[in-house]
>>> print(open('model-v4.pdb').read())   # PDB, C-alpha atoms, pLDDT in the B column
ATOM      1  CA  HIS J  11       4.697   2.391 -24.349  1.00 77.00           C
ATOM      2  CA  PRO J  12       5.098   6.200 -24.403  1.00 78.00           C
ATOM      3  CA  VAL J  13       3.756   6.605 -20.861  1.00 80.00           C
ATOM      4  CA  ALA J  14       6.280   4.059 -19.554  1.00 78.00           C
ATOM      5  CA  VAL J  15       9.063   5.896 -21.379  1.00 81.00           C
ATOM      6  CA  LYS J  16       7.880   9.247 -19.990  1.00 85.00           C
ATOM      7  CA  TYR J  17       8.271   7.960 -16.418  1.00 82.00           C
ATOM      8  CA  SER J  18      11.400   5.851 -17.076  1.00 77.00           C
ATOM      9  CA  ASN J  19       9.344   2.697 -16.488  1.00 78.00           C
ATOM     10  CA  THR J  20       9.145   3.538 -12.767  1.00 81.00           C
ATOM     11  CA  SER J  21       5.787   3.601 -10.971  1.00 85.00           C
ATOM     12  CA  VAL J  22       4.276   4.320 -14.377  1.00 87.00           C
ATOM     13  CA  LEU J  23       0.576   4.274 -13.541  1.00 86.00           C
ATOM     14  CA  GLU J  24       1.091   5.987 -10.210  1.00 92.00           C
ATOM     15  CA  ASN J  25       3.169   8.783 -11.799  1.00 89.00           C
ATOM     16  CA  HIS J  26       0.588   9.106 -14.569  1.00 91.00           C
ATOM     17  CA  HIS J  27      -2.323   9.326 -12.098  1.00 92.00           C
ATOM     18  CA  ALA J  28      -0.538  11.908  -9.957  1.00 93.00           C
ATOM     19  CA  ALA J  29       0.359  13.996 -13.018  1.00 94.00           C
ATOM     20  CA  ILE J  30      -3.229  13.956 -14.276  1.00 94.00           C
ATOM     21  CA  ALA J  31      -4.573  14.931 -10.850  1.00 94.00           C
ATOM     22  CA  ILE J  32      -2.134  17.830 -10.594  1.00 93.00           C
ATOM     23  CA  ASP J  33      -2.934  18.863 -14.166  1.00 94.00           C
ATOM     24  CA  LEU J  34      -6.642  18.911 -13.329  1.00 95.00           C
ATOM     25  CA  LEU J  35      -5.879  21.342 -10.511  1.00 94.00           C
ATOM     26  CA  SER J  36      -4.717  23.840 -13.151  1.00 92.00           C
ATOM     27  CA  GLN J  37      -8.347  24.200 -14.229  1.00 94.00           C
ATOM     28  CA  PRO J  38      -9.921  26.843 -11.966  1.00 93.00           C
ATOM     29  CA  GLU J  39     -13.279  25.054 -11.768  1.00 95.00           C
ATOM     30  CA  LEU J  40     -11.526  21.859 -10.549  1.00 95.00           C
ATOM     31  CA  ASP J  41      -8.879  23.400  -8.298  1.00 95.00           C
ATOM     32  CA  VAL J  42      -9.938  22.220  -4.844  1.00 95.00           C
ATOM     33  CA  LEU J  43      -6.737  23.751  -3.457  1.00 95.00           C
ATOM     34  CA  SER J  44      -7.499  27.289  -4.668  1.00 94.00           C
ATOM     35  CA  CYS J  45      -8.452  28.410  -1.158  1.00 96.00           C
ATOM     36  CA  PHE J  46      -4.855  27.937   0.024  1.00 96.00           C
ATOM     37  CA  PRO J  47      -1.961  30.363  -0.419  1.00 96.00           C
ATOM     38  CA  PRO J  48       0.424  29.441  -3.287  1.00 93.00           C
ATOM     39  CA  GLU J  49       3.123  27.998  -1.000  1.00 95.00           C
ATOM     40  CA  LYS J  50       0.629  25.721   0.774  1.00 96.00           C
ATOM     41  CA  ARG J  51      -0.897  24.667  -2.567  1.00 94.00           C
ATOM     42  CA  GLU J  52       2.529  23.514  -3.809  1.00 95.00           C
ATOM     43  CA  GLU J  53       3.145  21.685  -0.533  1.00 94.00           C
ATOM     44  CA  LEU J  54      -0.204  19.885  -0.849  1.00 95.00           C
ATOM     45  CA  LYS J  55       0.440  18.971  -4.500  1.00 95.00           C
ATOM     46  CA  THR J  56       3.796  17.476  -3.519  1.00 94.00           C
ATOM     47  CA  LEU J  57       2.154  15.557  -0.685  1.00 94.00           C
ATOM     48  CA  MET J  58      -0.574  14.276  -3.010  1.00 93.00           C
ATOM     49  CA  ARG J  59       2.025  13.084  -5.524  1.00 94.00           C
ATOM     50  CA  ASP J  60       4.062  11.378  -2.785  1.00 92.00           C
ATOM     51  CA  LEU J  61       0.981   9.625  -1.430  1.00 93.00           C
ATOM     52  CA  VAL J  62      -0.154   8.388  -4.833  1.00 94.00           C
ATOM     53  CA  LEU J  63       3.344   7.117  -5.691  1.00 92.00           C
ATOM     54  CA  TYR J  64       3.304   5.069  -2.491  1.00 90.00           C
ATOM     55  CA  THR J  65       0.384   2.988  -3.809  1.00 93.00           C
ATOM     56  CA  ASP J  66       2.860   1.249  -6.145  1.00 93.00           C
ATOM     57  CA  MET J  67       2.977  -2.430  -5.134  1.00 94.00           C
ATOM     58  CA  SER J  68       6.761  -2.411  -5.567  1.00 93.00           C
ATOM     59  CA  LYS J  69       6.860  -0.409  -2.318  1.00 93.00           C
ATOM     60  CA  HIS J  70       4.648  -2.862  -0.408  1.00 95.00           C
ATOM     61  CA  GLY J  71       7.490  -4.939   1.070  1.00 95.00           C
ATOM     62  CA  SER J  72       9.496  -1.970   2.330  1.00 95.00           C
ATOM     63  CA  LEU J  73       6.343  -0.424   3.772  1.00 95.00           C
ATOM     64  CA  LEU J  74       5.602  -3.621   5.717  1.00 95.00           C
ATOM     65  CA  ASP J  75       9.226  -3.797   6.870  1.00 95.00           C
ATOM     66  CA  ASN J  76       9.001  -0.228   8.150  1.00 94.00           C
ATOM     67  CA  LEU J  77       5.760  -0.989   9.997  1.00 94.00           C
ATOM     68  CA  LYS J  78       7.247  -4.185  11.442  1.00 94.00           C
ATOM     69  CA  GLU J  79      10.231  -2.228  12.776  1.00 93.00           C
ATOM     70  CA  ARG J  80       7.736   0.047  14.539  1.00 90.00           C
ATOM     71  CA  VAL J  81       5.876  -2.890  16.034  1.00 91.00           C
ATOM     72  CA  ASP J  82       9.088  -4.673  17.088  1.00 93.00           C
ATOM     73  CA  SER J  83      10.486  -1.530  18.714  1.00 92.00           C
ATOM     74  CA  GLU J  84       7.136  -0.891  20.418  1.00 88.00           C
ATOM     75  CA  LYS J  85       7.247   2.635  19.006  1.00 88.00           C
ATOM     76  CA  PRO J  86       3.904   3.236  17.273  1.00 89.00           C
ATOM     77  CA  LEU J  87       3.540   5.853  14.578  1.00 88.00           C
ATOM     78  CA  SER J  88       2.661   9.277  15.860  1.00 86.00           C
ATOM     79  CA  THR J  89       1.264  12.424  14.308  1.00 87.00           C
ATOM     80  CA  GLU J  90       3.940  14.457  16.117  1.00 88.00           C
ATOM     81  CA  SER J  91       6.527  14.693  13.308  1.00 89.00           C
ATOM     82  CA  GLU J  92       5.994  15.603   9.670  1.00 90.00           C
ATOM     83  CA  ASP J  93       7.897  12.518   8.457  1.00 91.00           C
ATOM     84  CA  GLU J  94       5.738  10.203  10.557  1.00 91.00           C
ATOM     85  CA  ARG J  95       2.532  11.911   9.426  1.00 92.00           C
ATOM     86  CA  ARG J  96       3.631  11.544   5.789  1.00 93.00           C
ATOM     87  CA  PHE J  97       4.491   7.862   6.243  1.00 94.00           C
ATOM     88  CA  MET J  98       1.193   7.290   8.063  1.00 94.00           C
ATOM     89  CA  LEU J  99      -0.732   8.897   5.197  1.00 95.00           C
ATOM     90  CA  GLN J 100       1.240   6.878   2.615  1.00 95.00           C
ATOM     91  CA  THR J 101       0.454   3.708   4.548  1.00 95.00           C
ATOM     92  CA  LEU J 102      -3.231   4.540   4.877  1.00 96.00           C
ATOM     93  CA  LEU J 103      -3.635   5.365   1.179  1.00 96.00           C
ATOM     94  CA  HIS J 104      -1.845   2.132   0.246  1.00 96.00           C
ATOM     95  CA  ALA J 105      -4.161   0.220   2.599  1.00 97.00           C
ATOM     96  CA  ALA J 106      -7.204   1.964   1.114  1.00 96.00           C
ATOM     97  CA  ASP J 107      -5.961   1.062  -2.373  1.00 95.00           C
ATOM     98  CA  LEU J 108      -5.823  -2.627  -1.375  1.00 96.00           C
ATOM     99  CA  SER J 109      -8.965  -2.600   0.762  1.00 97.00           C
ATOM    100  CA  ASN J 110     -11.296  -4.461  -1.616  1.00 96.00           C
ATOM    101  CA  PRO J 111     -11.296  -7.664   0.475  1.00 97.00           C
ATOM    102  CA  CYS J 112     -12.254  -5.590   3.526  1.00 98.00           C
ATOM    103  CA  LYS J 113     -15.547  -4.511   1.981  1.00 97.00           C
ATOM    104  CA  ALA J 114     -18.945  -6.153   2.358  1.00 98.00           C
ATOM    105  CA  TRP J 115     -19.227  -9.295   0.217  1.00 97.00           C
ATOM    106  CA  THR J 116     -21.673  -7.734  -2.275  1.00 97.00           C
ATOM    107  CA  ILE J 117     -19.196  -4.935  -3.053  1.00 97.00           C
ATOM    108  CA  HIS J 118     -16.085  -7.086  -2.714  1.00 97.00           C
ATOM    109  CA  ILE J 119     -17.269  -9.701  -5.241  1.00 96.00           C
ATOM    110  CA  GLN J 120     -18.047  -7.029  -7.850  1.00 96.00           C
ATOM    111  CA  TRP J 121     -14.608  -5.455  -7.484  1.00 95.00           C
ATOM    112  CA  THR J 122     -12.888  -8.827  -7.554  1.00 95.00           C
ATOM    113  CA  HIS J 123     -14.611  -9.699 -10.831  1.00 94.00           C
ATOM    114  CA  ALA J 124     -13.721  -6.276 -12.273  1.00 95.00           C
ATOM    115  CA  ILE J 125     -10.059  -6.733 -11.297  1.00 93.00           C
ATOM    116  CA  LEU J 126      -9.988 -10.211 -12.837  1.00 93.00           C
ATOM    117  CA  ALA J 127     -11.588  -8.902 -16.039  1.00 95.00           C
ATOM    118  CA  GLU J 128      -8.869  -6.235 -16.228  1.00 94.00           C
ATOM    119  CA  PHE J 129      -6.119  -8.795 -15.592  1.00 93.00           C
ATOM    120  CA  PHE J 130      -7.440 -11.239 -18.178  1.00 95.00           C
ATOM    121  CA  SER J 131      -7.915  -8.467 -20.731  1.00 96.00           C
ATOM    122  CA  GLN J 132      -4.234  -7.557 -20.277  1.00 94.00           C
ATOM    123  CA  GLY J 133      -3.289 -11.229 -20.671  1.00 95.00           C
ATOM    124  CA  ASP J 134      -5.372 -11.478 -23.843  1.00 96.00           C
ATOM    125  CA  LEU J 135      -3.571  -8.431 -25.234  1.00 95.00           C
ATOM    126  CA  GLU J 136      -0.186  -9.951 -24.391  1.00 94.00           C
ATOM    127  CA  ARG J 137      -1.212 -13.151 -26.200  1.00 96.00           C
ATOM    128  CA  HIS J 138      -2.501 -11.165 -29.206  1.00 96.00           C
ATOM    129  CA  LEU J 139       0.809  -9.267 -29.448  1.00 95.00           C
ATOM    130  CA  GLY J 140       2.741 -12.540 -29.388  1.00 95.00           C
ATOM    131  CA  LEU J 141       4.247 -11.825 -25.980  1.00 94.00           C
ATOM    132  CA  GLU J 142       4.684 -14.329 -23.187  1.00 94.00           C
ATOM    133  CA  VAL J 143       1.512 -14.082 -21.101  1.00 94.00           C
ATOM    134  CA  THR J 144       2.100 -13.147 -17.474  1.00 92.00           C
ATOM    135  CA  PRO J 145       0.806 -16.185 -15.522  1.00 90.00           C
ATOM    136  CA  MET J 146      -1.536 -14.240 -13.214  1.00 89.00           C
ATOM    137  CA  LEU J 147      -3.085 -12.590 -16.293  1.00 93.00           C
ATOM    138  CA  ASP J 148      -3.645 -15.839 -18.211  1.00 93.00           C
ATOM    139  CA  ARG J 149      -7.294 -16.880 -18.217  1.00 93.00           C
ATOM    140  CA  THR J 150      -6.320 -20.309 -19.583  1.00 92.00           C
ATOM    141  CA  LEU J 151      -4.441 -21.199 -16.375  1.00 90.00           C
ATOM    142  CA  SER J 152      -7.137 -20.460 -13.790  1.00 85.00           C
ATOM    143  CA  CYS J 153     -10.261 -18.483 -13.071  1.00 84.00           C
ATOM    144  CA  GLY J 154      -8.138 -16.128 -10.950  1.00 84.00           C
ATOM    145  CA  ARG J 155     -10.249 -16.355  -7.817  1.00 87.00           C
ATOM    146  CA  SER J 156      -7.795 -18.584  -5.941  1.00 89.00           C
ATOM    147  CA  GLN J 157      -4.984 -16.178  -6.822  1.00 89.00           C
ATOM    148  CA  GLN J 158      -7.044 -13.277  -5.537  1.00 92.00           C
ATOM    149  CA  LYS J 159      -7.768 -15.136  -2.301  1.00 93.00           C
ATOM    150  CA  ALA J 160      -4.033 -15.799  -1.864  1.00 92.00           C
ATOM    151  CA  PHE J 161      -3.333 -12.103  -2.486  1.00 94.00           C
ATOM    152  CA  PHE J 162      -5.863 -11.126   0.177  1.00 96.00           C
ATOM    153  CA  GLN J 163      -4.246 -13.480   2.687  1.00 96.00           C
ATOM    154  CA  GLY J 164      -0.607 -12.900   1.770  1.00 95.00           C
ATOM    155  CA  PHE J 165      -0.537  -9.163   1.076  1.00 96.00           C
ATOM    156  CA  VAL J 166      -3.652  -7.356   2.274  1.00 97.00           C
ATOM    157  CA  ARG J 167      -4.161  -9.113   5.617  1.00 98.00           C
ATOM    158  CA  PRO J 168      -0.560  -8.602   6.821  1.00 97.00           C
ATOM    159  CA  LEU J 169      -0.787  -4.919   5.868  1.00 97.00           C
ATOM    160  CA  PHE J 170      -3.920  -4.371   7.949  1.00 97.00           C
ATOM    161  CA  VAL J 171      -2.442  -6.358  10.855  1.00 97.00           C
ATOM    162  CA  MET J 172       0.645  -4.110  10.784  1.00 96.00           C
ATOM    163  CA  CYS J 173      -1.493  -0.973  10.499  1.00 96.00           C
ATOM    164  CA  ALA J 174      -3.517  -2.040  13.530  1.00 95.00           C
ATOM    165  CA  SER J 175      -0.343  -2.708  15.496  1.00 94.00           C
ATOM    166  CA  SER J 176       1.607   0.405  14.518  1.00 93.00           C
ATOM    167  CA  ILE J 177      -1.099   3.089  14.250  1.00 93.00           C
ATOM    168  CA  PRO J 178      -3.069   3.069  17.521  1.00 90.00           C
ATOM    169  CA  LEU J 179      -5.473   5.745  16.244  1.00 90.00           C
ATOM    170  CA  ILE J 180      -7.012   3.270  13.791  1.00 94.00           C
ATOM    171  CA  ARG J 181      -6.594  -0.058  15.583  1.00 95.00           C
ATOM    172  CA  ASP J 182     -10.356  -0.650  15.933  1.00 97.00           C
ATOM    173  CA  LYS J 183     -11.074   0.300  12.319  1.00 97.00           C
ATOM    174  CA  CYS J 184      -8.320  -2.046  11.120  1.00 97.00           C
ATOM    175  CA  GLN J 185      -9.801  -4.852  13.187  1.00 97.00           C
ATOM    176  CA  THR J 186     -13.184  -4.246  11.559  1.00 98.00           C
ATOM    177  CA  CYS J 187     -11.486  -4.463   8.144  1.00 98.00           C
ATOM    178  CA  LEU J 188      -9.686  -7.659   9.145  1.00 98.00           C
ATOM    179  CA  ASP J 189     -12.921  -9.234  10.385  1.00 98.00           C
ATOM    180  CA  GLN J 190     -14.596  -8.524   7.031  1.00 98.00           C
ATOM    181  CA  LEU J 191     -11.544  -9.753   5.097  1.00 98.00           C
ATOM    182  CA  ASP J 192     -11.565 -12.999   7.078  1.00 98.00           C
ATOM    183  CA  ALA J 193     -15.299 -13.419   6.446  1.00 98.00           C
ATOM    184  CA  ASN J 194     -14.772 -12.895   2.709  1.00 97.00           C
ATOM    185  CA  VAL J 195     -11.868 -15.358   2.598  1.00 97.00           C
ATOM    186  CA  ALA J 196     -14.035 -17.896   4.441  1.00 97.00           C
ATOM    187  CA  ARG J 197     -16.758 -17.368   1.846  1.00 96.00           C
ATOM    188  CA  TRP J 198     -14.266 -17.946  -0.997  1.00 95.00           C
ATOM    189  CA  THR J 199     -13.198 -21.132   0.756  1.00 94.00           C
ATOM    190  CA  GLU J 200     -16.834 -22.276   1.064  1.00 95.00           C
ATOM    191  CA  LEU J 201     -17.190 -21.653  -2.681  1.00 92.00           C
ATOM    192  CA  GLY J 202     -14.259 -23.975  -3.334  1.00 90.00           C
ATOM    193  CA  PHE J 203     -11.452 -21.479  -3.986  1.00 90.00           C
TER     194      PHE J 203
END
>>> encode(input="model-v4.pdb", output="structure tokens")
Amino acid sequence: HPVAVKYSNTSVLENHHAAIAIDLLSQPELDVLSCFPPEKREELKTLMRDLVLYTDMSKHGSLLDNLKERVDSEKPLSTESEDERRFMLQTLLHAADLSNPCKAWTIHIQWTHAILAEFFSQGDLERHLGLEVTPMLDRTLSCGRSQQKAFFQGFVRPLFVMCASSIPLIRDKCQTCLDQLDANVARWTELGF
């Protein structure tokens, strides 16, 4: 795909989203950074791009490892240094990106169904093009809900646990998210998934 080629098949969607956002800022009526001096505007654009790129799931493992090192060393993240602030913001945006299971059931179920529809649509396209269908995108293998539940437990929950442990400023908010995630997982279990 041309977009994949443009970004050397690396963080394709994330690079694309960041590029579009920055491009939109070139339109005066959409430039929410216009109140800043040019140097600060460029700094904020770079930060925005870095934050968006960190939502790539390929970075999830290293992010958790970094947070675990913080927890193990009993050295929580601080807003004192620029590098720590940047990593904290990257972590928080990644957590927000994966926060669907932390939402109230009525919102969570709608998003889960939308995600599954997107996955299965991609799988259908792969099948139509004669490609091997990625198992998690194959509607003929499962309804996807059990896979989503496993994702919530295996990826999202550990992230919020690490955020609560390594970023004291948001510990209570993370616990609220974890409580809702656990309630949603329990509901999926009650429904037989």
>>> resolve_selection(input="model-v4.pdb", expression="the PyMOL selection byres ((chain J and resi 114) around 12)", output="ChimeraX atom specification")
/J:109-113,115-122,186-195,197
>>> closest_residue(input="model-v4.pdb", among="J:Glu128, J:Glu52, J:Asp82, J:Asp60", to="J:Gln100", atoms="all atoms listed in the file")
J:Asp60
>>> resolve_selection(input="model-v4.pdb", expression="the PyMOL selection byres ((chain J and resi 92-99) around 9)", output="list in words")
Leu57, Asp60, Leu61, Leu73, Leu87, Ser88, Thr89, Glu90, Ser91, Gln100, Thr101, Leu102, Leu103, His104 and Ile177 of chain J
>>> residues_near_point(input="model-v4.pdb", point="(-5.7, -4.7, 4.3)", cutoff="6 Å", atoms="only C-alpha atoms", output="PDB file with C-alpha atoms, in the coordinates of the input")
ATOM      1  CA  ALA J 105      -4.161   0.220   2.599  1.00 97.00           C
ATOM      2  CA  SER J 109      -8.965  -2.600   0.762  1.00 97.00           C
ATOM      3  CA  VAL J 166      -3.652  -7.356   2.274  1.00 97.00           C
ATOM      4  CA  ARG J 167      -4.161  -9.113   5.617  1.00 98.00           C
ATOM      5  CA  LEU J 169      -0.787  -4.919   5.868  1.00 97.00           C
ATOM      6  CA  PHE J 170      -3.920  -4.371   7.949  1.00 97.00           C
TER       7      PHE J 170
END
>>> resolve_selection(input="model-v4.pdb", expression="the PyMOL selection byres ((chain J and resi 27) around 12)", output="list in words")
Val13, Tyr17, Ser21, Val22, Leu23, Glu24, Asn25, His26, Ala28, Ala29, Ile30, Ala31, Ile32, Asp33, Leu34, Met58, Arg59, Asp60, Leu61, Val62, Leu63, Tyr64, Thr65 and Asp66 of chain J
>>> write_last_selection(input="model-v4.pdb", atoms="C-alpha atoms", output="PDB file, in the coordinates of the input")
ATOM      1  CA  VAL J  13       3.756   6.605 -20.861  1.00 80.00           C
ATOM      2  CA  TYR J  17       8.271   7.960 -16.418  1.00 82.00           C
ATOM      3  CA  SER J  21       5.787   3.601 -10.971  1.00 85.00           C
ATOM      4  CA  VAL J  22       4.276   4.320 -14.377  1.00 87.00           C
ATOM      5  CA  LEU J  23       0.576   4.274 -13.541  1.00 86.00           C
ATOM      6  CA  GLU J  24       1.091   5.987 -10.210  1.00 92.00           C
ATOM      7  CA  ASN J  25       3.169   8.783 -11.799  1.00 89.00           C
ATOM      8  CA  HIS J  26       0.588   9.106 -14.569  1.00 91.00           C
ATOM      9  CA  ALA J  28      -0.538  11.908  -9.957  1.00 93.00           C
ATOM     10  CA  ALA J  29       0.359  13.996 -13.018  1.00 94.00           C
ATOM     11  CA  ILE J  30      -3.229  13.956 -14.276  1.00 94.00           C
ATOM     12  CA  ALA J  31      -4.573  14.931 -10.850  1.00 94.00           C
ATOM     13  CA  ILE J  32      -2.134  17.830 -10.594  1.00 93.00           C
ATOM     14  CA  ASP J  33      -2.934  18.863 -14.166  1.00 94.00           C
ATOM     15  CA  LEU J  34      -6.642  18.911 -13.329  1.00 95.00           C
ATOM     16  CA  MET J  58      -0.574  14.276  -3.010  1.00 93.00           C
ATOM     17  CA  ARG J  59       2.025  13.084  -5.524  1.00 94.00           C
ATOM     18  CA  ASP J  60       4.062  11.378  -2.785  1.00 92.00           C
ATOM     19  CA  LEU J  61       0.981   9.625  -1.430  1.00 93.00           C
ATOM     20  CA  VAL J  62      -0.154   8.388  -4.833  1.00 94.00           C
ATOM     21  CA  LEU J  63       3.344   7.117  -5.691  1.00 92.00           C
ATOM     22  CA  TYR J  64       3.304   5.069  -2.491  1.00 90.00           C
ATOM     23  CA  THR J  65       0.384   2.988  -3.809  1.00 93.00           C
ATOM     24  CA  ASP J  66       2.860   1.249  -6.145  1.00 93.00           C
TER      25      ASP J  66
END
>>> closest_residue(input="model-v4.pdb", among="J:Phe130, J:Pro38, J:Ser176, J:Phe165", to="J:Lys69", atoms="all atoms listed in the file")
J:Phe165
>>> build_atoms(input="model-v4.pdb", residues="stretch 176-185 of chain J", atoms="all heavy atoms", output="PDB file, in the frame of the given file")
ATOM      1  N   SER J 176       0.677  -0.729  14.507  1.00 93.00           N
ATOM      2  CA  SER J 176       1.607   0.405  14.518  1.00 93.00           C
ATOM      3  C   SER J 176       0.931   1.770  14.513  1.00 93.00           C
ATOM      4  O   SER J 176       1.598   2.782  14.714  1.00 93.00           O
ATOM      5  CB  SER J 176       2.564   0.306  13.333  1.00 93.00           C
ATOM      6  OG  SER J 176       1.837   0.338  12.126  1.00 93.00           O
ATOM      7  N   ILE J 177      -0.379   1.808  14.258  1.00 93.00           N
ATOM      8  CA  ILE J 177      -1.099   3.089  14.250  1.00 93.00           C
ATOM      9  C   ILE J 177      -2.275   2.972  15.225  1.00 93.00           C
ATOM     10  O   ILE J 177      -3.394   2.616  14.833  1.00 93.00           O
ATOM     11  CB  ILE J 177      -1.597   3.467  12.835  1.00 93.00           C
ATOM     12  CG1 ILE J 177      -0.454   3.364  11.811  1.00 93.00           C
ATOM     13  CG2 ILE J 177      -2.192   4.871  12.835  1.00 93.00           C
ATOM     14  CD1 ILE J 177      -0.880   3.561  10.369  1.00 93.00           C
ATOM     15  N   PRO J 178      -2.029   3.253  16.498  1.00 90.00           N
ATOM     16  CA  PRO J 178      -3.069   3.069  17.521  1.00 90.00           C
ATOM     17  C   PRO J 178      -4.373   3.814  17.223  1.00 90.00           C
ATOM     18  O   PRO J 178      -5.445   3.336  17.585  1.00 90.00           O
ATOM     19  CB  PRO J 178      -2.415   3.611  18.795  1.00 90.00           C
ATOM     20  CG  PRO J 178      -0.958   3.550  18.543  1.00 90.00           C
ATOM     21  CD  PRO J 178      -0.770   3.724  17.063  1.00 90.00           C
ATOM     22  N   LEU J 179      -4.279   4.950  16.540  1.00 90.00           N
ATOM     23  CA  LEU J 179      -5.473   5.745  16.244  1.00 90.00           C
ATOM     24  C   LEU J 179      -6.520   4.982  15.438  1.00 90.00           C
ATOM     25  O   LEU J 179      -7.708   5.313  15.489  1.00 90.00           O
ATOM     26  CB  LEU J 179      -5.084   7.007  15.465  1.00 90.00           C
ATOM     27  CG  LEU J 179      -4.250   8.044  16.188  1.00 90.00           C
ATOM     28  CD1 LEU J 179      -3.731   9.092  15.202  1.00 90.00           C
ATOM     29  CD2 LEU J 179      -5.090   8.715  17.268  1.00 90.00           C
ATOM     30  N   ILE J 180      -6.079   3.975  14.678  1.00 94.00           N
ATOM     31  CA  ILE J 180      -7.012   3.270  13.791  1.00 94.00           C
ATOM     32  C   ILE J 180      -7.112   1.779  14.099  1.00 94.00           C
ATOM     33  O   ILE J 180      -7.643   1.021  13.295  1.00 94.00           O
ATOM     34  CB  ILE J 180      -6.634   3.487  12.307  1.00 94.00           C
ATOM     35  CG1 ILE J 180      -5.227   2.946  12.019  1.00 94.00           C
ATOM     36  CG2 ILE J 180      -6.777   4.942  11.913  1.00 94.00           C
ATOM     37  CD1 ILE J 180      -4.916   2.793  10.559  1.00 94.00           C
ATOM     38  N   ARG J 181      -6.618   1.371  15.235  1.00 95.00           N
ATOM     39  CA  ARG J 181      -6.594  -0.058  15.583  1.00 95.00           C
ATOM     40  C   ARG J 181      -7.982  -0.700  15.437  1.00 95.00           C
ATOM     41  O   ARG J 181      -8.128  -1.748  14.819  1.00 95.00           O
ATOM     42  CB  ARG J 181      -6.060  -0.235  17.000  1.00 95.00           C
ATOM     43  CG  ARG J 181      -5.899  -1.687  17.403  1.00 95.00           C
ATOM     44  CD  ARG J 181      -5.125  -1.818  18.701  1.00 95.00           C
ATOM     45  NE  ARG J 181      -3.719  -1.507  18.425  1.00 95.00           N
ATOM     46  CZ  ARG J 181      -2.989  -0.664  19.149  1.00 95.00           C
ATOM     47  NH1 ARG J 181      -3.500  -0.060  20.185  1.00 95.00           N
ATOM     48  NH2 ARG J 181      -1.727  -0.436  18.820  1.00 95.00           N
ATOM     49  N   ASP J 182      -9.010  -0.075  15.996  1.00 97.00           N
ATOM     50  CA  ASP J 182     -10.356  -0.650  15.933  1.00 97.00           C
ATOM     51  C   ASP J 182     -10.876  -0.734  14.503  1.00 97.00           C
ATOM     52  O   ASP J 182     -11.489  -1.725  14.114  1.00 97.00           O
ATOM     53  CB  ASP J 182     -11.327   0.152  16.797  1.00 97.00           C
ATOM     54  CG  ASP J 182     -11.021   0.049  18.281  1.00 97.00           C
ATOM     55  OD1 ASP J 182     -10.268  -0.875  18.672  1.00 97.00           O
ATOM     56  OD2 ASP J 182     -11.530   0.890  19.047  1.00 97.00           O
ATOM     57  N   LYS J 183     -10.616   0.301  13.722  1.00 97.00           N
ATOM     58  CA  LYS J 183     -11.074   0.300  12.319  1.00 97.00           C
ATOM     59  C   LYS J 183     -10.361  -0.799  11.528  1.00 97.00           C
ATOM     60  O   LYS J 183     -10.969  -1.471  10.699  1.00 97.00           O
ATOM     61  CB  LYS J 183     -10.840   1.663  11.690  1.00 97.00           C
ATOM     62  CG  LYS J 183     -11.527   2.791  12.431  1.00 97.00           C
ATOM     63  CD  LYS J 183     -12.475   3.527  11.571  1.00 97.00           C
ATOM     64  CE  LYS J 183     -13.109   4.696  12.257  1.00 97.00           C
ATOM     65  NZ  LYS J 183     -14.121   4.432  13.202  1.00 97.00           N
ATOM     66  N   CYS J 184      -9.070  -0.971  11.794  1.00 97.00           N
ATOM     67  CA  CYS J 184      -8.320  -2.046  11.120  1.00 97.00           C
ATOM     68  C   CYS J 184      -8.879  -3.408  11.500  1.00 97.00           C
ATOM     69  O   CYS J 184      -8.981  -4.300  10.646  1.00 97.00           O
ATOM     70  CB  CYS J 184      -6.840  -1.971  11.464  1.00 97.00           C
ATOM     71  SG  CYS J 184      -5.982  -0.622  10.641  1.00 97.00           S
ATOM     72  N   GLN J 185      -9.240  -3.572  12.751  1.00 97.00           N
ATOM     73  CA  GLN J 185      -9.801  -4.852  13.187  1.00 97.00           C
ATOM     74  C   GLN J 185     -11.130  -5.129  12.483  1.00 97.00           C
ATOM     75  O   GLN J 185     -11.398  -6.260  12.080  1.00 97.00           O
ATOM     76  CB  GLN J 185      -9.978  -4.908  14.706  1.00 97.00           C
ATOM     77  CG  GLN J 185     -10.354  -6.284  15.200  1.00 97.00           C
ATOM     78  CD  GLN J 185      -9.349  -7.352  14.776  1.00 97.00           C
ATOM     79  OE1 GLN J 185      -8.149  -7.251  15.032  1.00 97.00           O
ATOM     80  NE2 GLN J 185      -9.819  -8.394  14.090  1.00 97.00           N
TER      81      GLN J 185
END
